[in-house]
$ cat target-v3.pdb   # PDB, C-alpha atoms, pLDDT in the B column
ATOM      1  CA  MET L   1     117.950 106.544  36.079  1.00 57.00           C
ATOM      2  CA  ARG L   2     116.013 109.646  35.154  1.00 68.00           C
ATOM      3  CA  ALA L   3     115.292 110.343  38.820  1.00 68.00           C
ATOM      4  CA  THR L   4     118.997 110.346  39.633  1.00 67.00           C
ATOM      5  CA  ARG L   5     119.695 112.836  36.853  1.00 67.00           C
ATOM      6  CA  VAL L   6     116.938 115.131  38.098  1.00 65.00           C
ATOM      7  CA  LEU L   7     118.244 114.953  41.684  1.00 63.00           C
ATOM      8  CA  LEU L   8     121.793 115.761  40.599  1.00 66.00           C
ATOM      9  CA  GLN L   9     120.685 118.834  38.640  1.00 72.00           C
ATOM     10  CA  GLN L  10     118.769 120.277  41.587  1.00 76.00           C
ATOM     11  CA  ARG L  11     121.436 119.608  44.189  1.00 77.00           C
ATOM     12  CA  LYS L  12     123.046 122.642  45.828  1.00 82.00           C
ATOM     13  CA  PRO L  13     125.947 122.289  48.240  1.00 82.00           C
ATOM     14  CA  MET L  14     125.268 123.503  51.766  1.00 87.00           C
ATOM     15  CA  ILE L  15     128.843 124.759  52.220  1.00 87.00           C
ATOM     16  CA  LYS L  16     129.499 128.248  50.889  1.00 85.00           C
ATOM     17  CA  PHE L  17     133.111 129.308  50.307  1.00 82.00           C
ATOM     18  CA  ILE L  18     133.868 133.000  50.736  1.00 84.00           C
ATOM     19  CA  GLY L  19     136.470 134.533  48.459  1.00 84.00           C
ATOM     20  CA  LYS L  20     139.075 133.038  46.187  1.00 83.00           C
ATOM     21  CA  ARG L  21     141.065 130.106  47.564  1.00 81.00           C
ATOM     22  CA  GLY L  22     144.825 130.171  47.135  1.00 85.00           C
ATOM     23  CA  PRO L  23     148.104 130.171  48.998  1.00 84.00           C
ATOM     24  CA  PRO L  24     148.595 132.750  51.738  1.00 84.00           C
ATOM     25  CA  PRO L  25     150.037 136.028  50.459  1.00 86.00           C
ATOM     26  CA  LYS L  26     153.244 135.811  52.525  1.00 90.00           C
ATOM     27  CA  VAL L  27     155.014 132.604  53.543  1.00 88.00           C
ATOM     28  CA  ASP L  28     158.288 132.626  55.454  1.00 89.00           C
ATOM     29  CA  HIS L  29     160.584 130.015  53.885  1.00 89.00           C
ATOM     30  CA  THR L  30     163.675 130.780  55.948  1.00 90.00           C
ATOM     31  CA  PRO L  31     165.013 127.728  57.813  1.00 89.00           C
ATOM     32  CA  HIS L  32     164.407 127.632  61.544  1.00 89.00           C
ATOM     33  CA  ALA L  33     164.985 125.121  64.337  1.00 89.00           C
ATOM     34  CA  HIS L  34     162.221 122.750  65.305  1.00 88.00           C
ATOM     35  CA  PRO L  35     160.265 123.962  68.353  1.00 90.00           C
ATOM     36  CA  ALA L  36     161.094 120.740  70.243  1.00 88.00           C
ATOM     37  CA  SER L  37     164.829 120.779  69.476  1.00 84.00           C
ATOM     38  CA  PRO L  38     167.044 120.636  72.572  1.00 81.00           C
ATOM     39  CA  THR L  39     169.334 123.482  71.470  1.00 83.00           C
ATOM     40  CA  HIS L  40     166.785 125.657  69.605  1.00 86.00           C
ATOM     41  CA  GLU L  41     169.367 126.454  66.932  1.00 86.00           C
ATOM     42  CA  LEU L  42     170.236 125.152  63.483  1.00 86.00           C
ATOM     43  CA  PRO L  43     173.497 123.233  62.925  1.00 81.00           C
ATOM     44  CA  GLY L  44     176.215 125.073  61.048  1.00 84.00           C
ATOM     45  CA  SER L  45     176.448 122.373  58.370  1.00 84.00           C
ATOM     46  CA  PHE L  46     175.213 118.873  57.654  1.00 82.00           C
ATOM     47  CA  ALA L  47     178.684 117.503  58.422  1.00 83.00           C
ATOM     48  CA  SER L  48     178.692 119.051  61.895  1.00 80.00           C
ATOM     49  CA  TYR L  49     175.193 117.691  62.533  1.00 78.00           C
ATOM     50  CA  ARG L  50     176.221 114.207  61.436  1.00 78.00           C
ATOM     51  CA  LYS L  51     179.174 114.150  63.838  1.00 77.00           C
ATOM     52  CA  GLN L  52     176.890 114.407  66.854  1.00 74.00           C
ATOM     53  CA  ALA L  53     173.762 112.642  65.522  1.00 74.00           C
ATOM     54  CA  GLN L  54     172.700 109.216  66.789  1.00 70.00           C
ATOM     55  CA  GLN L  55     170.679 106.570  65.001  1.00 69.00           C
ATOM     56  CA  HIS L  56     171.124 103.097  66.480  1.00 67.00           C
ATOM     57  CA  GLY L  57     174.599 104.300  67.481  1.00 63.00           C
ATOM     58  CA  PRO L  58     176.808 107.199  66.387  1.00 60.00           C
ATOM     59  CA  LEU L  59     176.628 108.205  62.729  1.00 61.00           C
ATOM     60  CA  GLY L  60     179.925 110.062  62.484  1.00 57.00           C
ATOM     61  CA  GLY L  61     183.493 109.269  63.364  1.00 54.00           C
ATOM     62  CA  HIS L  62     184.162 106.198  61.261  1.00 54.00           C
ATOM     63  CA  ARG L  63     183.839 105.189  57.651  1.00 54.00           C
ATOM     64  CA  PRO L  64     182.144 101.880  56.869  1.00 54.00           C
ATOM     65  CA  GLN L  65     184.624  99.301  55.686  1.00 52.00           C
ATOM     66  CA  PRO L  66     183.969  97.752  52.287  1.00 54.00           C
ATOM     67  CA  ALA L  67     182.213  94.417  52.553  1.00 51.00           C
ATOM     68  CA  SER L  68     184.262  91.449  51.524  1.00 50.00           C
ATOM     69  CA  ALA L  69     183.031  89.319  48.659  1.00 50.00           C
ATOM     70  CA  HIS L  70     182.374  86.291  50.870  1.00 52.00           C
ATOM     71  CA  GLY L  71     180.214  87.490  53.751  1.00 55.00           C
ATOM     72  CA  GLY L  72     180.336  91.159  54.605  1.00 60.00           C
ATOM     73  CA  ILE L  73     181.899  93.077  57.453  1.00 63.00           C
ATOM     74  CA  ILE L  74     180.836  90.799  60.311  1.00 64.00           C
ATOM     75  CA  ALA L  75     182.055  87.663  58.539  1.00 67.00           C
ATOM     76  CA  SER L  76     185.539  89.141  58.242  1.00 70.00           C
ATOM     77  CA  HIS L  77     185.952  89.092  62.058  1.00 75.00           C
ATOM     78  CA  SER L  78     186.237  86.091  64.322  1.00 77.00           C
ATOM     79  CA  GLY L  79     183.351  85.333  66.657  1.00 75.00           C
ATOM     80  CA  ALA L  80     185.482  85.923  69.732  1.00 77.00           C
ATOM     81  CA  SER L  81     186.354  89.448  68.596  1.00 79.00           C
ATOM     82  CA  LEU L  82     182.651  90.393  68.315  1.00 75.00           C
ATOM     83  CA  GLY L  83     182.166  90.085  72.070  1.00 77.00           C
ATOM     84  CA  PRO L  84     180.213  87.854  74.434  1.00 75.00           C
ATOM     85  CA  VAL L  85     176.962  86.255  73.394  1.00 79.00           C
ATOM     86  CA  GLU L  86     175.572  86.106  76.924  1.00 82.00           C
ATOM     87  CA  PRO L  87     172.920  88.718  77.763  1.00 83.00           C
ATOM     88  CA  ALA L  88     173.685  91.356  80.356  1.00 83.00           C
ATOM     89  CA  LYS L  89     172.297  90.960  83.864  1.00 86.00           C
ATOM     90  CA  GLY L  90     168.529  91.485  83.843  1.00 84.00           C
ATOM     91  CA  GLN L  91     168.229  90.952  80.063  1.00 85.00           C
ATOM     92  CA  TYR L  92     166.825  87.832  78.435  1.00 83.00           C
ATOM     93  CA  PHE L  93     166.934  86.561  74.865  1.00 85.00           C
ATOM     94  CA  ASP L  94     163.839  84.345  75.093  1.00 86.00           C
ATOM     95  CA  ARG L  95     160.573  84.333  77.057  1.00 84.00           C
ATOM     96  CA  SER L  96     161.307  80.836  78.333  1.00 85.00           C
ATOM     97  CA  GLU L  97     164.296  82.254  80.264  1.00 86.00           C
ATOM     98  CA  LEU L  98     162.147  84.700  82.235  1.00 85.00           C
ATOM     99  CA  PRO L  99     161.317  84.063  85.895  1.00 86.00           C
ATOM    100  CA  ALA L 100     158.150  82.001  86.456  1.00 87.00           C
ATOM    101  CA  ARG L 101     156.079  85.006  87.553  1.00 88.00           C
ATOM    102  CA  PHE L 102     156.459  86.590  84.081  1.00 87.00           C
ATOM    103  CA  ARG L 103     155.646  83.479  82.055  1.00 85.00           C
ATOM    104  CA  ASN L 104     152.284  82.863  80.430  1.00 86.00           C
ATOM    105  CA  THR L 105     149.955  80.748  82.520  1.00 87.00           C
ATOM    106  CA  PRO L 106     148.432  77.702  80.823  1.00 90.00           C
ATOM    107  CA  TRP L 107     144.822  78.019  79.646  1.00 92.00           C
ATOM    108  CA  SER L 108     142.174  76.192  81.640  1.00 92.00           C
ATOM    109  CA  GLN L 109     139.543  74.077  79.905  1.00 92.00           C
ATOM    110  CA  ALA L 110     136.848  76.590  80.941  1.00 88.00           C
ATOM    111  CA  GLU L 111     138.764  79.426  79.244  1.00 90.00           C
ATOM    112  CA  ILE L 112     139.225  77.345  76.079  1.00 91.00           C
ATOM    113  CA  ASP L 113     135.492  76.542  75.996  1.00 89.00           C
ATOM    114  CA  ALA L 114     134.592  80.220  76.521  1.00 88.00           C
ATOM    115  CA  VAL L 115     136.807  81.315  73.607  1.00 90.00           C
ATOM    116  CA  GLU L 116     135.541  78.584  71.277  1.00 90.00           C
ATOM    117  CA  SER L 117     131.887  79.357  72.035  1.00 89.00           C
ATOM    118  CA  GLY L 118     132.324  83.110  71.745  1.00 87.00           C
ATOM    119  CA  GLY L 119     131.572  83.531  75.447  1.00 80.00           C
ATOM    120  CA  ALA L 120     128.182  81.784  75.338  1.00 80.00           C
ATOM    121  CA  SER L 121     129.387  78.827  77.446  1.00 74.00           C
ATOM    122  CA  ILE L 122     129.974  81.145  80.418  1.00 73.00           C
ATOM    123  CA  PHE L 123     126.223  81.844  80.767  1.00 74.00           C
ATOM    124  CA  ALA L 124     124.953  78.344  79.974  1.00 62.00           C
TER
END

$ encode --input "target-v3.pdb" --output "structure tokens"
Amino acid sequence: MRATRVLLQQRKPMIKFIGKRGPPPKVDHTPHAHPASPTHELPGSFASYRKQAQQHGPLGGHRPQPASAHGGIIASHSGASLGPVEPAKGQYFDRSELPARFRNTPWSQAEIDAVESGGASIFA
């Protein structure tokens, strides 16, 4: 315990800081467009931005309807009015519907043994 105290008292950091540390003397806080923005300009207002913004579909243009007390917005519509349930051509809902060339191949007994032994059974 005494040795630790002695070591801590004699310790000097190898990093030397030059001058006082603080914020830079001049920082520009004016708003500016992001360098990767497609238009390189700021929107006129938040409302105008929201009209053209997309997040999982358009954000502007319609007001959300109040949810009914017994199931929300979707429950207030019939299933037929929500559209077809079938996937579009080339889209699949489950892996089992994929063509055979995209399905997982079954594991062989040699592969199972190699995994269970951590790879040691391959060299035995």

$ resolve_selection --input "target-v3.pdb" --expression "the PyMOL selection byres ((chain L and resi 106-110) around 12)" --output "list in words"
Arg103, Asn104, Thr105, Glu111, Ile112, Asp113, Ala114, Val115, Glu116, Ser117, Gly119, Ala120, Ser121, Ile122 and Phe123 of chain L

$ atom_distance --input "target-v3.pdb" --atom1 "CA of Ser81 in chain L" --atom2 "CA of Gln54 in chain L"
24.1 Å

$ atom_distance --input "target-v3.pdb" --atom1 "CA of Phe102 in chain L" --atom2 "CA of Gly118 in chain L"
27.3 Å

$ atom_distance --input "target-v3.pdb" --atom1 "CA of Ser37 in chain L" --atom2 "CA of Gln52 in chain L"
13.9 Å

$ axis_aligned_box --input "target-v3.pdb" --around "range 97-112 of chain L" --padding-each-side "4 Å" --output "lines of an AutoDock Vina configuration file"
center_x = 150.6
center_y = 80.3
center_z = 81.8
size_x = 35.4
size_y = 20.5
size_z = 19.5
